[in-house]
Structure formats: structure tokens, C-alpha cells
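Structure file my_file.cif (mmCIF, C-alpha atoms) follows.
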```cif
data_entry
#
loop_
_atom_site.group_PDB
_atom_site.id
_atom_site.type_symbol
_atom_site.label_atom_id
_atom_site.label_comp_id
_atom_site.auth_asym_id
_atom_site.auth_seq_id
_atom_site.Cartn_x
_atom_site.Cartn_y
_atom_site.Cartn_z
ATOM 1 C CA MET R 1 166.150 75.145 175.157
ATOM 2 C CA LYS R 2 166.320 78.264 172.967
ATOM 3 C CA LEU R 3 167.422 76.108 170.044
ATOM 4 C CA ILE R 4 164.342 73.909 170.419
ATOM 5 C CA LYS R 5 162.085 77.014 170.488
ATOM 6 C CA TRP R 6 163.698 78.332 167.288
ATOM 7 C CA LEU R 7 163.370 74.950 165.583
ATOM 8 C CA MET R 8 159.706 74.636 166.589
ATOM 9 C CA THR R 9 159.007 78.171 165.392
ATOM 10 C CA GLY R 10 160.695 77.379 162.066
ATOM 11 C CA ILE R 11 158.769 74.132 161.646
ATOM 12 C CA LEU R 12 155.495 75.887 162.467
ATOM 13 C CA ALA R 13 156.224 78.652 159.944
ATOM 14 C CA LEU R 14 157.034 76.090 157.246
ATOM 15 C CA SER R 15 153.856 74.133 157.924
ATOM 16 C CA LEU R 16 151.752 77.301 157.685
ATOM 17 C CA THR R 17 153.332 78.221 154.344
ATOM 18 C CA ALA R 18 152.683 74.718 153.105
ATOM 19 C CA CYS R 19 148.981 75.141 153.924
ATOM 20 C CA ALA R 20 148.830 78.447 152.070
ATOM 21 C CA SER R 21 150.272 76.896 148.914
ATOM 22 C CA TYR R 22 148.119 73.747 149.041
ATOM 23 C CA TYR R 23 146.096 74.730 145.985
ATOM 24 C CA PRO R 24 147.532 74.833 142.482
ATOM 25 C CA ILE R 25 147.485 78.152 140.647
ATOM 26 C CA ALA R 26 145.773 76.548 137.647
ATOM 27 C CA VAL R 27 143.835 73.438 136.623
ATOM 28 C CA ASP R 28 143.417 71.877 133.188
ATOM 29 C CA VAL R 29 139.954 72.483 131.745
ATOM 30 C CA ASN R 30 139.048 70.409 128.707
ATOM 31 C CA PRO R 31 135.362 70.373 127.691
ATOM 32 C CA THR R 32 134.294 67.833 125.084
ATOM 33 C CA VAL R 33 131.343 67.651 122.697
ATOM 34 C CA GLN R 34 129.330 64.763 121.389
ATOM 35 C CA THR R 35 127.014 65.540 118.519
ATOM 36 C CA SER R 36 125.585 63.821 115.490
ATOM 37 C CA ALA R 37 126.574 64.298 111.854
ATOM 38 C CA GLY R 38 124.345 65.399 109.015
ATOM 39 C CA VAL R 39 123.074 68.709 110.386
ATOM 40 C CA TYR R 40 124.889 70.826 107.746
ATOM 41 C CA ARG R 41 125.849 70.155 104.145
ATOM 42 C CA GLY R 42 129.315 71.726 104.045
ATOM 43 C CA GLN R 43 128.243 75.290 104.879
ATOM 44 C CA PRO R 44 131.344 77.445 105.482
ATOM 45 C CA VAL R 45 131.550 79.076 108.906
ATOM 46 C CA ALA R 46 134.104 81.561 110.268
ATOM 47 C CA LEU R 47 134.551 81.011 113.980
ATOM 48 C CA GLY R 48 135.995 83.456 116.498
ATOM 49 C CA SER R 49 135.926 83.983 120.240
ATOM 50 C CA LYS R 50 136.593 86.527 122.933
ATOM 51 C CA ASP R 51 136.824 86.517 126.696
ATOM 52 C CA GLY R 52 134.587 89.139 128.303
ATOM 53 C CA ARG R 53 134.800 87.829 131.869
ATOM 54 C CA ASN R 54 135.548 90.226 134.724
ATOM 55 C CA ASN R 55 138.078 87.794 136.245
ATOM 56 C CA ASP R 56 140.464 85.325 134.660
ATOM 57 C CA TYR R 57 140.127 82.648 137.348
ATOM 58 C CA ILE R 58 137.628 79.783 137.138
ATOM 59 C CA ILE R 59 137.580 78.474 140.725
ATOM 60 C CA GLN R 60 137.174 80.547 143.873
ATOM 61 C CA ILE R 61 137.637 78.746 147.192
ATOM 62 C CA GLU R 62 135.917 80.495 150.097
ATOM 63 C CA GLN R 63 136.676 79.655 153.724
ATOM 64 C CA LYS R 64 135.544 81.404 156.882
ATOM 65 C CA ASN R 65 137.839 84.122 158.187
ATOM 66 C CA LYS R 66 140.261 83.677 155.270
ATOM 67 C CA ALA R 67 140.795 85.474 152.000
ATOM 68 C CA PRO R 68 139.401 83.565 149.011
ATOM 69 C CA VAL R 69 141.852 81.446 147.051
ATOM 70 C CA VAL R 70 141.509 81.665 143.271
ATOM 71 C CA VAL R 71 142.571 79.092 140.697
ATOM 72 C CA GLY R 72 142.840 79.794 136.985
ATOM 73 C CA ALA R 73 142.783 77.603 133.905
ATOM 74 C CA SER R 74 146.153 76.194 132.851
ATOM 75 C CA ASN R 75 145.184 76.631 129.216
ATOM 76 C CA ASN R 76 143.442 79.455 127.375
ATOM 77 C CA LEU R 77 139.789 78.779 128.177
ATOM 78 C CA LYS R 78 138.521 80.878 125.262
ATOM 79 C CA VAL R 79 140.605 78.858 122.797
ATOM 80 C CA GLN R 80 139.563 75.550 124.403
ATOM 81 C CA LEU R 81 135.865 76.376 124.022
ATOM 82 C CA GLU R 82 136.332 77.702 120.474
ATOM 83 C CA GLN R 83 138.143 74.499 119.465
ATOM 84 C CA ALA R 84 135.463 72.310 121.035
ATOM 85 C CA LEU R 85 132.729 74.277 119.245
ATOM 86 C CA ALA R 86 134.673 74.034 115.949
ATOM 87 C CA GLN R 87 134.969 70.278 116.412
ATOM 88 C CA GLY R 88 131.224 69.998 117.065
ATOM 89 C CA LEU R 89 130.280 72.131 114.044
ATOM 90 C CA SER R 90 132.676 70.134 111.838
ATOM 91 C CA THR R 91 131.167 66.854 113.048
ATOM 92 C CA GLN R 92 127.742 68.252 112.172
ATOM 93 C CA GLY R 93 128.940 68.939 108.623
ATOM 94 C CA ALA R 94 129.971 72.626 108.658
ATOM 95 C CA PHE R 95 133.291 73.671 107.129
ATOM 96 C CA ILE R 96 135.356 75.979 109.387
ATOM 97 C CA GLU R 97 136.992 78.593 107.173
ATOM 98 C CA ASN R 98 138.411 82.082 107.831
ATOM 99 C CA GLY R 99 136.504 84.755 105.926
ATOM 100 C CA ALA R 100 133.369 82.642 105.433
ATOM 101 C CA PRO R 101 130.137 84.620 104.917
ATOM 102 C CA THR R 102 128.589 83.115 108.065
ATOM 103 C CA GLN R 103 130.442 84.361 111.144
ATOM 104 C CA VAL R 104 130.040 82.814 114.576
ATOM 105 C CA GLU R 105 131.572 84.475 117.640
ATOM 106 C CA LEU R 106 131.642 82.832 121.048
ATOM 107 C CA GLU R 107 132.019 85.206 124.011
ATOM 108 C CA LEU R 108 132.786 83.975 127.513
ATOM 109 C CA GLN R 109 130.868 86.104 129.995
ATOM 110 C CA GLU R 110 131.057 84.034 133.175
ATOM 111 C CA VAL R 111 132.800 80.773 134.010
ATOM 112 C CA LEU R 112 133.136 80.303 137.754
ATOM 113 C CA ALA R 113 132.939 77.491 140.275
ATOM 114 C CA ARG R 114 132.665 78.838 143.831
ATOM 115 C CA VAL R 115 133.805 76.331 146.437
ATOM 116 C CA ILE R 116 132.224 77.094 149.809
ATOM 117 C CA ARG R 117 133.454 75.252 152.873
ATOM 118 C CA GLY R 118 130.872 73.691 155.134
ATOM 119 C CA HIS R 119 131.411 71.698 158.340
ATOM 120 C CA ILE R 120 132.277 68.333 156.795
ATOM 121 C CA SER R 121 131.920 69.011 153.089
ATOM 122 C CA TYR R 122 132.268 71.602 150.365
ATOM 123 C CA ASP R 123 129.495 73.048 148.243
ATOM 124 C CA VAL R 124 130.452 73.817 144.669
ATOM 125 C CA VAL R 125 128.247 76.413 142.973
ATOM 126 C CA GLN R 126 128.898 76.787 139.256
ATOM 127 C CA GLN R 127 127.762 79.717 137.124
ATOM 128 C CA LEU R 128 128.380 79.657 133.375
ATOM 129 C CA ARG R 129 127.266 82.214 130.800
ATOM 130 C CA ILE R 130 128.341 82.317 127.169
ATOM 131 C CA GLN R 131 127.003 84.415 124.320
ATOM 132 C CA LEU R 132 126.958 83.246 120.717
ATOM 133 C CA THR R 133 126.633 85.874 117.966
ATOM 134 C CA LEU R 134 125.925 84.784 114.397
ATOM 135 C CA LYS R 135 126.248 87.197 111.434
ATOM 136 C CA ARG R 136 125.570 86.868 107.711
ATOM 137 C CA ASP R 137 124.471 89.317 105.016
ATOM 138 C CA GLY R 138 123.636 92.086 107.488
ATOM 139 C CA ARG R 139 121.589 89.755 109.705
ATOM 140 C CA THR R 140 122.618 89.170 113.310
ATOM 141 C CA VAL R 141 121.333 86.629 115.807
ATOM 142 C CA THR R 142 122.544 86.727 119.409
ATOM 143 C CA LYS R 143 121.903 83.852 121.779
ATOM 144 C CA GLN R 144 122.674 83.619 125.508
ATOM 145 C CA TYR R 145 123.467 80.257 127.055
ATOM 146 C CA ARG R 146 123.504 79.770 130.811
ATOM 147 C CA ARG R 147 124.102 76.868 133.104
ATOM 148 C CA SER R 148 124.214 76.689 136.836
ATOM 149 C CA ALA R 149 124.775 73.680 139.020
ATOM 150 C CA GLN R 150 125.402 72.917 142.638
ATOM 151 C CA ALA R 151 127.125 69.856 144.053
ATOM 152 C CA GLU R 152 128.416 68.773 147.426
ATOM 153 C CA PHE R 153 131.780 67.057 147.837
ATOM 154 C CA PRO R 154 133.142 65.512 151.056
ATOM 155 C CA GLY R 155 136.273 66.912 152.615
ATOM 156 C CA ARG R 156 137.142 68.303 156.016
ATOM 157 C CA LEU R 157 140.468 69.997 155.282
ATOM 158 C CA HIS R 158 140.686 70.814 151.571
ATOM 159 C CA PRO R 159 138.324 70.369 148.616
ATOM 160 C CA GLU R 160 139.449 67.932 145.953
ATOM 161 C CA LEU R 161 140.020 70.219 142.991
ATOM 162 C CA ASP R 162 139.974 67.284 140.560
ATOM 163 C CA LYS R 163 136.291 66.772 141.381
ATOM 164 C CA VAL R 164 135.595 70.496 141.027
ATOM 165 C CA LYS R 165 137.431 70.555 137.681
ATOM 166 C CA GLU R 166 135.476 67.534 136.396
ATOM 167 C CA ALA R 167 132.173 69.121 137.442
ATOM 168 C CA LEU R 168 133.164 72.317 135.614
ATOM 169 C CA ASN R 169 134.218 70.335 132.515
ATOM 170 C CA GLN R 170 130.873 68.549 132.533
ATOM 171 C CA GLN R 171 128.892 71.800 132.713
ATOM 172 C CA LEU R 172 130.996 73.434 129.970
ATOM 173 C CA SER R 173 130.485 70.359 127.770
ATOM 174 C CA LEU R 174 126.731 70.461 128.336
ATOM 175 C CA LEU R 175 126.679 74.178 127.514
ATOM 176 C CA LEU R 176 128.498 73.542 124.223
ATOM 177 C CA GLN R 177 126.051 70.758 123.413
ATOM 178 C CA ASP R 178 123.188 73.187 124.068
ATOM 179 C CA MET R 179 124.695 75.526 121.442
ATOM 180 C CA LEU R 180 125.174 72.751 118.902
ATOM 181 C CA ALA R 181 121.612 71.461 119.402
ATOM 182 C CA ASP R 182 120.000 74.924 119.196
ATOM 183 C CA ARG R 183 117.536 74.938 116.256
ATOM 184 C CA ASP R 184 117.913 78.722 115.759
ATOM 185 C CA VAL R 185 121.682 78.328 115.354
ATOM 186 C CA GLN R 186 121.246 75.366 113.031
ATOM 187 C CA GLN R 187 118.748 77.240 110.851
ATOM 188 C CA PHE R 188 120.949 80.340 110.671
ATOM 189 C CA ILE R 189 124.098 78.417 109.709
ATOM 190 C CA GLY R 190 122.106 76.200 107.365
ATOM 191 C CA GLY R 191 120.980 79.265 105.443
ATOM 192 C CA ASN R 192 117.270 79.257 106.331
#
```
Please lay out the structure from this file as C-alpha cells.
Amino acid sequence: MKLIKWLMTGILALSLTACASYYPIAVDVNPTVQTSAGVYRGQPVALGSKDGRNNDYIIQIEQKNKAPVVVGASNNLKVQLEQALAQGLSTQGAFIENGAPTQVELELQEVLARVIRGHISYDVVQQLRIQLTLKRDGRTVTKQYRRSAQAEFPGRLHPELDKVKEALNQQLSLLLQDMLADRDVQQFIGGN
């Protein structure tokens, strides 16, 4: 009888640890851009980025009476966004070159999807904020880009992080497209 108690206690402990490690420590974030060509005529642009976020995680899962679970990005988010922006600027006709007279710096300020458990679903509240600073010949233009979105996903036990990741990718992609379509940015890089 004591052996059965010990086995049941062991099985219960293992099942509880399995629940605690249900979530991955990181997810793959990969925003994409779609833009049209012909915006620039080969203007050289130096592109840089920095991460000014307070936290390095991108998903925070909140459940009643439990500590929040945080999930980071499996790749360097700053580099991912810089590469996507470089691809978009190149497609538009700019030439990405270190030391170019026009400098563009992308700064991550907030990238977070909060997953809040409801009764039979999860609410995902996304907050994104990125700053773009453009410099040339002593002139500086600073632009703030923000996006927020809220979605509801079904799930009684655990949220499906693939859906949360895709929603975050979509919002990051839209934010990058906002930057690439910004007339002030286009005029500054274009030399006007």
C-alpha cells in the first residue's frame, strides 16, 4: 500500500512539472514586408538598430493565481526587424551601405503580446512601439510608430502559442509597412 502511495505521489509530481514546462522558452518571430519598387533612385542609406525595451520577452501569459509565464524570441528581434526594414528599403530602390550620409536607426521600445486567460478562451493584447530616427547633414527626424491589437483565441487549458506568434508577426509586419509607406521618411531619404 505504501508503494502505491509513493508511486502516485511521484506520478503526480511529474505531471505537475510537465504542466509548468508546457510553454517553450522562445518562439520564432519573422516579420515580412511587402512594398513597391521605384520610391528611391539608389540613395545610399546606413541602417542601424537598438533594443530599448525594458524586458527581453515578447509574450507574457497571465493566469489567475499563478505567476506570469514569459516567452522570448528565439532569434534576435532587433536584427530581424532591421533586416526586414533593409529588405523593404532595398526593394524601394535605396542602397544599404555602411557610412552612408543618410543614417536610419530603428529602436525597439515595446514589443509585447499579453495572453490573458478567460473562462473558455484567451485574450491576446499586443502593444508595439518602435522609433525611427533619420539623420543627414545635421538634420534629424524622429518618428514614433505604434500598433495595438486585441484578439481572442479559443482554448480551455493552454493558449496556442503558434496563433499568438502569427498575430505578433502580422502586427510587426504591418508596423514595418507603416514605416516604409511614411511620406516623411520617403522625402527625407529621397533628399527633399
Exercise. Leaving out R:Asn169 and any residue of its chain fewer than 3 positions from it, which residues lie within 10 Å of it when counting all atoms listed in the file, given as a ChimeraX atom specification?
Worked result: /R:28-32,163-166,172-175
For this session: Might you spell out which residues the PyMOL selection byres ((chain R and resi 110-126) around 8) would select in the displayed file, as a PyMOL selection string?
Result: chain R and resi 52-54+57-64+108-109+127-130+147-156+159+164+168
Within 9 Å of R:Arg41 using all atoms listed in the file, minus same-chain residues under 6 positions, as a PDB file with C-alpha atoms, keeping the file's coordinate frame:
```
ATOM      1  CA  GLN R  92     127.742  68.252 112.172  1.00  0.00           C
ATOM      2  CA  GLY R  93     128.940  68.939 108.623  1.00  0.00           C
ATOM      3  CA  ALA R  94     129.971  72.626 108.658  1.00  0.00           C
ATOM      4  CA  PHE R  95     133.291  73.671 107.129  1.00  0.00           C
ATOM      5  CA  GLY R 190     122.106  76.200 107.365  1.00  0.00           C
TER       6      GLY R 190
END
```
Exercise. Any idea what's packed within 9 Å of stretch 88-90 of chain R, counting all atoms listed in the file, ignoring anything in its chain fewer than 4 positions away? Could you give it as a list in words?
Worked result: Thr32, Val33, Gln34, Thr35, Ser36, Ala37, Val39, Tyr40, Gly42, Val45, Gln83, Ala84, Ala94, Phe95, Ile96, Leu176, Gln177 and Leu180 of chain R
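Atom to atom, atom CA of R:Asp178 and atom CA of R:Gln131 stand 11.9 Å apart.
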For this session: Identify which of the residues R:Gln80, R:Asn55, R:Thr140, R:Thr91 lies closest to R:Val104, counting all atoms listed in the file when measuring atom-to-atom distances.
Result: R:Thr140
Problem set entry | 7 Å contact set for R:Val27, only C-alpha atoms, chain neighbours under 4 positions out, as JSON, numbers by chain | {"R": [72, 73, 74]}
